[in-house]
$ cat structure_38.pdb   # PDB, C-alpha atoms, pLDDT in the B column
ATOM      1  CA  MET A  21       0.000   0.000   0.000  1.00 95.00           C
ATOM      2  CA  GLN A  22       2.876   2.357   0.773  1.00 96.00           C
ATOM      3  CA  ALA A  23       4.467   1.558  -2.588  1.00 97.00           C
ATOM      4  CA  ALA A  24       1.197   2.266  -4.433  1.00 97.00           C
ATOM      5  CA  PHE A  25       0.846   5.562  -2.587  1.00 97.00           C
ATOM      6  CA  ALA A  26       4.403   6.579  -3.556  1.00 96.00           C
ATOM      7  CA  LEU A  27       3.908   5.579  -7.210  1.00 97.00           C
ATOM      8  CA  GLN A  28       0.673   7.595  -7.327  1.00 96.00           C
ATOM      9  CA  LYS A  29       2.617  10.698  -6.324  1.00 95.00           C
ATOM     10  CA  GLU A  30       5.389   9.958  -8.807  1.00 96.00           C
ATOM     11  CA  VAL A  31       3.031   9.501 -11.764  1.00 95.00           C
ATOM     12  CA  TRP A  32       0.469  12.266 -11.235  1.00 93.00           C
ATOM     13  CA  LYS A  33       2.598  14.701  -9.191  1.00 92.00           C
ATOM     14  CA  PHE A  34      -0.432  15.817  -7.192  1.00 92.00           C
ATOM     15  CA  SER A  35      -0.181  18.168  -4.260  1.00 91.00           C
ATOM     16  CA  ASP A  36      -0.442  16.426  -0.878  1.00 92.00           C
ATOM     17  CA  ALA A  37      -4.071  17.550  -0.514  1.00 92.00           C
ATOM     18  CA  GLU A  38      -5.071  15.674  -3.699  1.00 93.00           C
ATOM     19  CA  LEU A  39      -3.312  12.373  -3.004  1.00 95.00           C
ATOM     20  CA  VAL A  40      -5.395   9.323  -2.130  1.00 96.00           C
ATOM     21  CA  PRO A  41      -4.107   8.372   1.346  1.00 96.00           C
ATOM     22  CA  VAL A  42      -2.760   4.962   2.298  1.00 97.00           C
ATOM     23  CA  ARG A  43      -5.823   4.432   4.518  1.00 97.00           C
ATOM     24  CA  ILE A  44      -8.095   4.433   1.434  1.00 97.00           C
ATOM     25  CA  PHE A  45      -5.918   1.836  -0.288  1.00 97.00           C
ATOM     26  CA  VAL A  46      -6.249  -0.343   2.816  1.00 97.00           C
ATOM     27  CA  LEU A  47      -9.981   0.316   3.031  1.00 97.00           C
ATOM     28  CA  ALA A  48     -10.529  -0.719  -0.597  1.00 97.00           C
ATOM     29  CA  THR A  49      -9.294  -4.225   0.177  1.00 95.00           C
ATOM     30  CA  LYS A  50     -11.596  -4.473   3.217  1.00 97.00           C
ATOM     31  CA  ILE A  51     -14.868  -3.572   1.491  1.00 97.00           C
ATOM     32  CA  GLY A  52     -14.727  -5.718  -1.651  1.00 96.00           C
ATOM     33  CA  GLY A  53     -12.465  -3.558  -3.811  1.00 98.00           C
ATOM     34  CA  GLN A  54      -9.064  -4.242  -5.342  1.00 98.00           C
ATOM     35  CA  VAL A  55      -5.480  -3.101  -4.874  1.00 98.00           C
ATOM     36  CA  MET A  56      -3.178  -4.900  -7.322  1.00 97.00           C
ATOM     37  CA  GLY A  57       0.475  -4.321  -8.089  1.00 97.00           C
ATOM     38  CA  ALA A  58       2.802  -5.130 -10.976  1.00 98.00           C
ATOM     39  CA  PHE A  59       6.386  -5.780  -9.957  1.00 97.00           C
ATOM     40  CA  ASP A  60       9.810  -6.059 -11.526  1.00 96.00           C
ATOM     41  CA  ARG A  61      11.527  -8.157  -8.880  1.00 95.00           C
ATOM     42  CA  GLN A  62      10.907  -6.175  -5.677  1.00 93.00           C
ATOM     43  CA  GLN A  63      10.087  -2.848  -7.344  1.00 96.00           C
ATOM     44  CA  MET A  64       6.462  -1.876  -7.924  1.00 98.00           C
ATOM     45  CA  VAL A  65       6.150  -0.626 -11.514  1.00 98.00           C
ATOM     46  CA  GLY A  66       2.366  -0.286 -11.685  1.00 98.00           C
ATOM     47  CA  PHE A  67      -0.796  -0.618  -9.627  1.00 98.00           C
ATOM     48  CA  ALA A  68      -4.578  -0.582  -9.953  1.00 98.00           C
ATOM     49  CA  MET A  69      -7.078   0.356  -7.253  1.00 98.00           C
ATOM     50  CA  ALA A  70     -10.842  -0.187  -7.422  1.00 98.00           C
ATOM     51  CA  ILE A  71     -13.735   0.246  -4.999  1.00 98.00           C
ATOM     52  CA  PRO A  72     -17.219  -1.279  -5.129  1.00 97.00           C
ATOM     53  CA  GLY A  73     -20.186   0.793  -6.298  1.00 96.00           C
ATOM     54  CA  GLU A  74     -23.940   0.417  -6.717  1.00 95.00           C
ATOM     55  CA  ARG A  75     -26.455   1.871  -9.163  1.00 90.00           C
ATOM     56  CA  ASN A  76     -30.143   1.029  -9.446  1.00 89.00           C
ATOM     57  CA  GLY A  77     -29.702  -2.076  -7.334  1.00 92.00           C
ATOM     58  CA  HIS A  78     -26.767  -3.425  -9.343  1.00 92.00           C
ATOM     59  CA  SER A  79     -23.242  -3.682  -7.969  1.00 96.00           C
ATOM     60  CA  PHE A  80     -20.117  -2.929  -9.993  1.00 98.00           C
ATOM     61  CA  LEU A  81     -16.447  -2.145  -9.473  1.00 98.00           C
ATOM     62  CA  TYR A  82     -15.149   1.384  -9.977  1.00 98.00           C
ATOM     63  CA  SER A  83     -11.485   1.395 -10.989  1.00 98.00           C
ATOM     64  CA  HIS A  84     -10.349   4.686  -9.507  1.00 97.00           C
ATOM     65  CA  MET A  85      -6.621   4.602 -10.265  1.00 96.00           C
ATOM     66  CA  LEU A  86      -4.222   2.802 -12.584  1.00 97.00           C
ATOM     67  CA  ALA A  87      -0.622   3.967 -12.765  1.00 96.00           C
ATOM     68  CA  VAL A  88       2.490   2.700 -14.547  1.00 97.00           C
ATOM     69  CA  ARG A  89       6.018   3.976 -13.912  1.00 97.00           C
ATOM     70  CA  GLN A  90       7.364   6.063 -16.812  1.00 94.00           C
ATOM     71  CA  GLU A  91      10.033   3.637 -18.031  1.00 96.00           C
ATOM     72  CA  TYR A  92       7.549   0.715 -18.107  1.00 96.00           C
ATOM     73  CA  ARG A  93       4.878   2.423 -20.216  1.00 93.00           C
ATOM     74  CA  ASN A  94       4.041   1.127 -23.712  1.00 89.00           C
ATOM     75  CA  SER A  95       5.118  -2.351 -22.613  1.00 93.00           C
ATOM     76  CA  GLY A  96       1.676  -3.819 -21.862  1.00 93.00           C
ATOM     77  CA  VAL A  97       1.805  -3.414 -18.069  1.00 96.00           C
ATOM     78  CA  GLY A  98      -1.381  -1.323 -17.928  1.00 95.00           C
ATOM     79  CA  ARG A  99      -3.335  -3.799 -20.043  1.00 95.00           C
ATOM     80  CA  ARG A 100      -2.120  -6.745 -17.962  1.00 96.00           C
ATOM     81  CA  LEU A 101      -3.256  -4.984 -14.796  1.00 97.00           C
ATOM     82  CA  LYS A 102      -6.707  -4.460 -16.316  1.00 97.00           C
ATOM     83  CA  LEU A 103      -6.903  -8.143 -17.259  1.00 97.00           C
ATOM     84  CA  PHE A 104      -5.901  -9.132 -13.722  1.00 98.00           C
ATOM     85  CA  GLN A 105      -8.650  -6.857 -12.392  1.00 98.00           C
ATOM     86  CA  ARG A 106     -11.128  -8.494 -14.784  1.00 98.00           C
ATOM     87  CA  ASP A 107     -10.214 -12.045 -13.746  1.00 98.00           C
ATOM     88  CA  ASP A 108     -10.693 -11.224 -10.079  1.00 98.00           C
ATOM     89  CA  ALA A 109     -13.927  -9.294 -10.682  1.00 98.00           C
ATOM     90  CA  ILE A 110     -15.528 -12.052 -12.753  1.00 98.00           C
ATOM     91  CA  ALA A 111     -14.519 -14.680 -10.193  1.00 98.00           C
ATOM     92  CA  ARG A 112     -16.451 -12.655  -7.598  1.00 97.00           C
ATOM     93  CA  GLY A 113     -19.549 -12.272  -9.754  1.00 96.00           C
ATOM     94  CA  PHE A 114     -19.150  -8.755 -11.153  1.00 97.00           C
ATOM     95  CA  GLU A 115     -20.233  -8.056 -14.737  1.00 97.00           C
ATOM     96  CA  LEU A 116     -19.380  -4.364 -14.955  1.00 98.00           C
ATOM     97  CA  MET A 117     -16.306  -2.298 -14.187  1.00 98.00           C
ATOM     98  CA  GLU A 118     -16.275   1.461 -14.699  1.00 98.00           C
ATOM     99  CA  TRP A 119     -13.592   4.117 -14.656  1.00 98.00           C
ATOM    100  CA  THR A 120     -13.118   7.597 -16.050  1.00 98.00           C
ATOM    101  CA  PHE A 121     -10.486   8.818 -18.487  1.00 97.00           C
ATOM    102  CA  ASP A 122      -9.401  12.077 -20.050  1.00 97.00           C
ATOM    103  CA  PRO A 123     -10.713  12.206 -23.650  1.00 98.00           C
ATOM    104  CA  LEU A 124      -7.693  14.314 -24.627  1.00 97.00           C
ATOM    105  CA  GLU A 125      -5.319  11.434 -23.789  1.00 96.00           C
ATOM    106  CA  ILE A 126      -4.941   9.638 -27.124  1.00 96.00           C
ATOM    107  CA  LYS A 127      -3.051   6.454 -26.162  1.00 93.00           C
ATOM    108  CA  ASN A 128      -5.223   5.844 -23.120  1.00 94.00           C
ATOM    109  CA  SER A 129      -8.420   6.310 -25.130  1.00 97.00           C
ATOM    110  CA  TYR A 130      -7.208   3.775 -27.701  1.00 96.00           C
ATOM    111  CA  LEU A 131      -6.370   1.262 -24.965  1.00 95.00           C
ATOM    112  CA  ASN A 132      -9.747   1.624 -23.275  1.00 97.00           C
ATOM    113  CA  ILE A 133     -11.958   1.511 -26.364  1.00 98.00           C
ATOM    114  CA  VAL A 134     -10.060  -0.711 -28.798  1.00 97.00           C
ATOM    115  CA  LYS A 135      -7.752  -2.942 -26.773  1.00 96.00           C
ATOM    116  CA  LEU A 136     -10.103  -3.506 -23.823  1.00 97.00           C
ATOM    117  CA  GLY A 137     -13.474  -3.120 -25.540  1.00 97.00           C
ATOM    118  CA  ALA A 138     -14.961  -0.543 -23.171  1.00 98.00           C
ATOM    119  CA  ILE A 139     -17.707   1.811 -24.345  1.00 98.00           C
ATOM    120  CA  ALA A 140     -18.529   5.357 -23.201  1.00 98.00           C
ATOM    121  CA  ARG A 141     -21.892   7.135 -23.151  1.00 97.00           C
ATOM    122  CA  ARG A 142     -21.490   9.604 -20.272  1.00 98.00           C
ATOM    123  CA  TYR A 143     -19.380  12.757 -19.985  1.00 98.00           C
ATOM    124  CA  ASN A 144     -18.486  14.373 -16.648  1.00 98.00           C
ATOM    125  CA  VAL A 145     -17.547  18.042 -16.850  1.00 98.00           C
ATOM    126  CA  ASN A 146     -14.602  19.093 -14.642  1.00 97.00           C
ATOM    127  CA  GLN A 147     -15.001  16.007 -12.470  1.00 95.00           C
ATOM    128  CA  TYR A 148     -12.191  16.779 -10.012  1.00 94.00           C
ATOM    129  CA  GLY A 149     -11.942  20.535 -10.521  1.00 94.00           C
ATOM    130  CA  ILE A 150      -8.676  22.120 -11.680  1.00 92.00           C
ATOM    131  CA  THR A 151      -6.025  19.788 -10.285  1.00 90.00           C
ATOM    132  CA  THR A 152      -2.365  20.364  -9.473  1.00 87.00           C
ATOM    133  CA  SER A 153      -1.202  17.553 -11.766  1.00 87.00           C
ATOM    134  CA  PRO A 154       0.888  18.847 -14.685  1.00 84.00           C
ATOM    135  CA  LEU A 155      -0.678  16.079 -16.791  1.00 80.00           C
ATOM    136  CA  GLN A 156      -3.908  18.085 -16.748  1.00 85.00           C
ATOM    137  CA  GLY A 157      -2.170  21.237 -17.978  1.00 86.00           C
ATOM    138  CA  GLY A 158      -4.405  23.515 -15.919  1.00 90.00           C
ATOM    139  CA  LEU A 159      -7.492  22.496 -17.919  1.00 95.00           C
ATOM    140  CA  PRO A 160     -10.835  21.420 -16.412  1.00 96.00           C
ATOM    141  CA  SER A 161     -10.704  17.736 -15.492  1.00 96.00           C
ATOM    142  CA  ASP A 162     -13.342  16.578 -18.007  1.00 97.00           C
ATOM    143  CA  ARG A 163     -13.778  12.803 -18.106  1.00 98.00           C
ATOM    144  CA  LEU A 164     -15.492  10.162 -20.193  1.00 98.00           C
ATOM    145  CA  VAL A 165     -16.980   7.284 -18.211  1.00 98.00           C
ATOM    146  CA  ALA A 166     -15.749   3.904 -19.471  1.00 98.00           C
ATOM    147  CA  GLU A 167     -18.169   0.981 -19.104  1.00 97.00           C
ATOM    148  CA  TRP A 168     -16.408  -2.370 -19.282  1.00 98.00           C
ATOM    149  CA  TRP A 169     -18.963  -5.162 -19.621  1.00 97.00           C
ATOM    150  CA  MET A 170     -16.362  -7.767 -18.816  1.00 97.00           C
ATOM    151  CA  ARG A 171     -18.167 -10.883 -20.048  1.00 96.00           C
ATOM    152  CA  SER A 172     -19.709  -9.362 -23.176  1.00 96.00           C
ATOM    153  CA  ARG A 173     -18.941 -10.606 -26.692  1.00 95.00           C
ATOM    154  CA  ARG A 174     -17.516  -7.176 -27.488  1.00 96.00           C
ATOM    155  CA  VAL A 175     -14.950  -7.333 -24.675  1.00 97.00           C
ATOM    156  CA  GLU A 176     -14.028 -10.952 -25.347  1.00 97.00           C
ATOM    157  CA  ALA A 177     -13.453 -10.143 -29.028  1.00 97.00           C
ATOM    158  CA  ALA A 178     -11.307  -7.112 -28.140  1.00 97.00           C
ATOM    159  CA  LEU A 179      -9.168  -9.169 -25.775  1.00 97.00           C
ATOM    160  CA  GLU A 180      -8.630 -11.695 -28.557  1.00 96.00           C
ATOM    161  CA  GLY A 181      -7.294  -8.898 -30.747  1.00 95.00           C
ATOM    162  CA  HIS A 182     -10.346  -8.333 -32.945  1.00 95.00           C
ATOM    163  CA  LYS A 183     -11.145  -4.709 -33.744  1.00 90.00           C
ATOM    164  CA  ALA A 184     -14.840  -3.838 -33.605  1.00 91.00           C
ATOM    165  CA  GLU A 185     -16.393  -2.730 -36.884  1.00 93.00           C
ATOM    166  CA  VAL A 186     -18.099   0.632 -36.351  1.00 95.00           C
ATOM    167  CA  ASP A 187     -20.227   2.570 -38.831  1.00 95.00           C
ATOM    168  CA  PRO A 188     -19.857   5.958 -37.124  1.00 97.00           C
ATOM    169  CA  VAL A 189     -22.629   8.522 -36.947  1.00 97.00           C
ATOM    170  CA  VAL A 190     -20.301  11.053 -35.292  1.00 98.00           C
ATOM    171  CA  ARG A 191     -16.502  11.422 -35.310  1.00 98.00           C
ATOM    172  CA  ILE A 192     -14.723  13.518 -32.679  1.00 98.00           C
ATOM    173  CA  GLU A 193     -11.125  14.508 -33.380  1.00 97.00           C
ATOM    174  CA  VAL A 194      -8.201  14.981 -30.969  1.00 98.00           C
ATOM    175  CA  PRO A 195      -5.123  16.589 -32.589  1.00 97.00           C
ATOM    176  CA  ALA A 196      -1.666  15.183 -31.937  1.00 96.00           C
ATOM    177  CA  GLU A 197      -0.494  18.618 -30.783  1.00 96.00           C
ATOM    178  CA  ILE A 198      -2.836  18.576 -27.774  1.00 96.00           C
ATOM    179  CA  TYR A 199      -0.020  17.568 -25.387  1.00 94.00           C
ATOM    180  CA  GLU A 200       2.228  20.447 -26.494  1.00 95.00           C
ATOM    181  CA  TRP A 201      -0.668  22.901 -26.280  1.00 96.00           C
ATOM    182  CA  LYS A 202      -1.538  21.802 -22.722  1.00 94.00           C
ATOM    183  CA  ALA A 203       2.063  21.982 -21.542  1.00 91.00           C
ATOM    184  CA  ALA A 204       2.775  25.595 -22.486  1.00 92.00           C
ATOM    185  CA  ALA A 205       0.952  28.625 -21.102  1.00 91.00           C
ATOM    186  CA  ALA A 206       1.221  30.401 -24.463  1.00 94.00           C
ATOM    187  CA  THR A 207      -0.774  27.690 -26.273  1.00 95.00           C
ATOM    188  CA  ARG A 208      -3.052  26.450 -23.497  1.00 94.00           C
ATOM    189  CA  GLU A 209      -6.025  28.338 -24.940  1.00 96.00           C
ATOM    190  CA  ARG A 210      -5.796  26.121 -28.035  1.00 97.00           C
ATOM    191  CA  ALA A 211      -6.052  23.015 -25.872  1.00 96.00           C
ATOM    192  CA  LEU A 212      -8.982  24.525 -23.983  1.00 97.00           C
ATOM    193  CA  ALA A 213     -10.733  25.313 -27.273  1.00 98.00           C
ATOM    194  CA  VAL A 214     -10.384  21.666 -28.366  1.00 98.00           C
ATOM    195  CA  GLN A 215     -11.691  20.461 -25.001  1.00 98.00           C
ATOM    196  CA  GLU A 216     -14.701  22.777 -25.100  1.00 98.00           C
ATOM    197  CA  ARG A 217     -15.517  21.911 -28.708  1.00 98.00           C
ATOM    198  CA  ASN A 218     -15.307  18.173 -28.032  1.00 98.00           C
ATOM    199  CA  ARG A 219     -17.276  18.503 -24.793  1.00 98.00           C
ATOM    200  CA  GLY A 220     -20.187  19.961 -26.739  1.00 98.00           C
ATOM    201  CA  LEU A 221     -19.973  17.252 -29.394  1.00 98.00           C
ATOM    202  CA  PHE A 222     -19.918  14.443 -26.819  1.00 98.00           C
ATOM    203  CA  GLU A 223     -22.832  15.868 -24.851  1.00 98.00           C
ATOM    204  CA  GLN A 224     -24.912  16.345 -27.970  1.00 98.00           C
ATOM    205  CA  ALA A 225     -24.141  12.818 -29.213  1.00 98.00           C
ATOM    206  CA  PHE A 226     -24.930  11.207 -25.863  1.00 98.00           C
ATOM    207  CA  ARG A 227     -28.269  13.016 -25.713  1.00 97.00           C
ATOM    208  CA  ARG A 228     -29.045  11.358 -29.062  1.00 96.00           C
ATOM    209  CA  GLY A 229     -28.378   7.928 -27.544  1.00 96.00           C
ATOM    210  CA  LEU A 230     -25.030   7.421 -29.256  1.00 97.00           C
ATOM    211  CA  ALA A 231     -22.014   5.813 -27.578  1.00 98.00           C
ATOM    212  CA  VAL A 232     -18.252   5.698 -28.159  1.00 98.00           C
ATOM    213  CA  LEU A 233     -17.746   2.300 -29.797  1.00 97.00           C
ATOM    214  CA  GLY A 234     -14.505   2.807 -31.703  1.00 97.00           C
ATOM    215  CA  TYR A 235     -11.282   4.791 -31.805  1.00 98.00           C
ATOM    216  CA  GLU A 236      -8.798   5.463 -34.588  1.00 97.00           C
ATOM    217  CA  ARG A 237      -5.223   6.685 -34.369  1.00 94.00           C
ATOM    218  CA  GLU A 238      -3.646   8.599 -37.227  1.00 88.00           C
ATOM    219  CA  ALA A 239      -0.027   8.334 -38.356  1.00 79.00           C
ATOM    220  CA  PRO A 240       0.969  11.829 -37.104  1.00 85.00           C
ATOM    221  CA  GLY A 241      -0.273  10.862 -33.631  1.00 90.00           C
ATOM    222  CA  GLY A 242      -3.806  12.232 -33.529  1.00 95.00           C
ATOM    223  CA  GLY A 243      -6.907  10.340 -32.479  1.00 97.00           C
ATOM    224  CA  ARG A 244     -10.561  10.072 -33.429  1.00 97.00           C
ATOM    225  CA  PHE A 245     -13.542   8.805 -31.415  1.00 98.00           C
ATOM    226  CA  LEU A 246     -16.187   6.888 -33.386  1.00 98.00           C
ATOM    227  CA  LEU A 247     -19.736   7.124 -32.048  1.00 98.00           C
ATOM    228  CA  ALA A 248     -22.760   5.090 -33.104  1.00 97.00           C
ATOM    229  CA  GLY A 249     -25.974   3.697 -31.648  1.00 94.00           C
ATOM    230  CA  TRP A 250     -25.738   1.287 -28.707  1.00 82.00           C
ATOM    231  CA  TYR A 251     -28.715  -1.046 -28.648  1.00 67.00           C
ATOM    232  CA  GLU A 252     -27.708  -3.737 -26.168  1.00 54.00           C
ATOM    233  CA  ASN A 253     -30.482  -4.306 -23.640  1.00 43.00           C
ATOM    234  CA  ARG A 254     -29.062  -3.132 -20.321  1.00 46.00           C
ATOM    235  CA  SER A 255     -31.030  -2.002 -17.294  1.00 37.00           C
ATOM    236  CA  TYR A 256     -28.368   0.550 -16.241  1.00 35.00           C
TER     237      TYR A 256
END
$ encode --input "structure_38.pdb" --output "structure tokens"
Amino acid sequence: MQAAFALQKEVWKFSDAELVPVRIFVLATKIGGQVMGAFDRQQMVGFAMAIPGERNGHSFLYSHMLAVRQEYRNSGVGRRLKLFQRDDAIARGFELMEWTFDPLEIKNSYLNIVKLGAIARRYNVNQYGITTSPLQGGLPSDRLVAEWWMRSRRVEAALEGHKAEVDPVVRIEVPAEIYEWKAAAATRERALAVQERNRGLFEQAFRRGLAVLGYEREAPGGGRFLLAGWYENRSY
């Protein structure tokens, strides 16, 4: 738990007031949640933390944090942690896991939608307020809500490496330059303009009953969300 706490601070660089304390990591394991670590020998290189939730009489797991040390990124550690979470959740009878992610983060969006098979049909505006993490670049902490129906045909196909075929009704673009624009005060207004434009597009699409079902990455490094109708019969 101490190692996960330290890695959290290393990855997000939050102020002390915004860090999830060790007591919450401990609590998560006592109330049906998860705290899982990835290790290289004795060194923790990644962790995932989830807590149980309930909506409309149905229980699910909410994956609040997943972090991977800088030098171990792009090596599959994050995906393996998600699969470990899934195995444990299914063994305990859960069908759904949720988490939120920044729709301006291109690689993470691709992992969630394409590699893991999650969908998104909710958008939370400035979920955590303006945080101290430099990763946020001083922008509002807007988040898409990922729904991971862990035993669905969609997820099983994604985990087998099959890319979902999507006939998009709406496409929402994220330029490759978004990271540079967020990082520099002189260009931050450009990043904010992209965020505000995309926020409006997501909210309008979700009101129409559309969902994020696909994601494309372009050669220069940009990304594109693909939204279409989601007709699976779910009660929540």
$ atom_distance --input "structure_38.pdb" --atom1 "CA of Gly229 in chain A" --atom2 "CA of Asn144 in chain A"
16.1 Å
$ residues_around --input "structure_38.pdb" --residues "range 106-110 of chain A" --least-positions-apart "2" --cutoff "9 Å" --atoms "all atoms listed in the file" --output "list of chain:residue names"
A:Gln54, A:Phe80, A:Leu81, A:Leu101, A:Lys102, A:Leu103, A:Phe104, A:Arg112, A:Gly113, A:Phe114, A:Glu115, A:Leu116, A:Met117, A:Met170, A:Arg171
$ residues_around --input "structure_38.pdb" --residues "range 83-93 of chain A" --least-positions-apart "5" --cutoff "9 Å" --atoms "only C-alpha atoms" --output "list in words"
Ala24, Leu27, Gln28, Glu30, Val31, Trp32, Gly53, Gln54, Ala58, Met64, Val65, Gly66, Phe67, Ala68, Met69, Ala70, Ile71, Pro72, Gly98, Leu101, Lys102, Gln105, Met117, Glu118, Trp119 and Thr120 of chain A
$ resolve_selection --input "structure_38.pdb" --expression "the PyMOL selection byres ((chain A and resi 154-166) around 7)" --output "VMD selection string"
chain A and resid 32 118 to 123 138 to 153 167 to 168 202 to 203 212
$ closest_residue --input "structure_38.pdb" --among "A:Thr207, A:Arg219, A:Ala248, A:Glu238" --to "Ala184 in chain A" --atoms "all atoms listed in the file"
A:Ala248
$ closest_residue --input "structure_38.pdb" --among "A:Ala37, A:Val55, A:Val42, A:Val175" --to "Gln22 in chain A" --atoms "only C-alpha atoms"
A:Val42
$ atom_distance --input "structure_38.pdb" --atom1 "CA of Leu179 in chain A" --atom2 "CA of Met56 in chain A"
19.9 Å
$ closest_residue --input "structure_38.pdb" --among "A:Ile198, A:Gly57, A:Ala48, A:Ala26" --to "Arg210 in chain A" --atoms "only C-alpha atoms"
A:Ile198
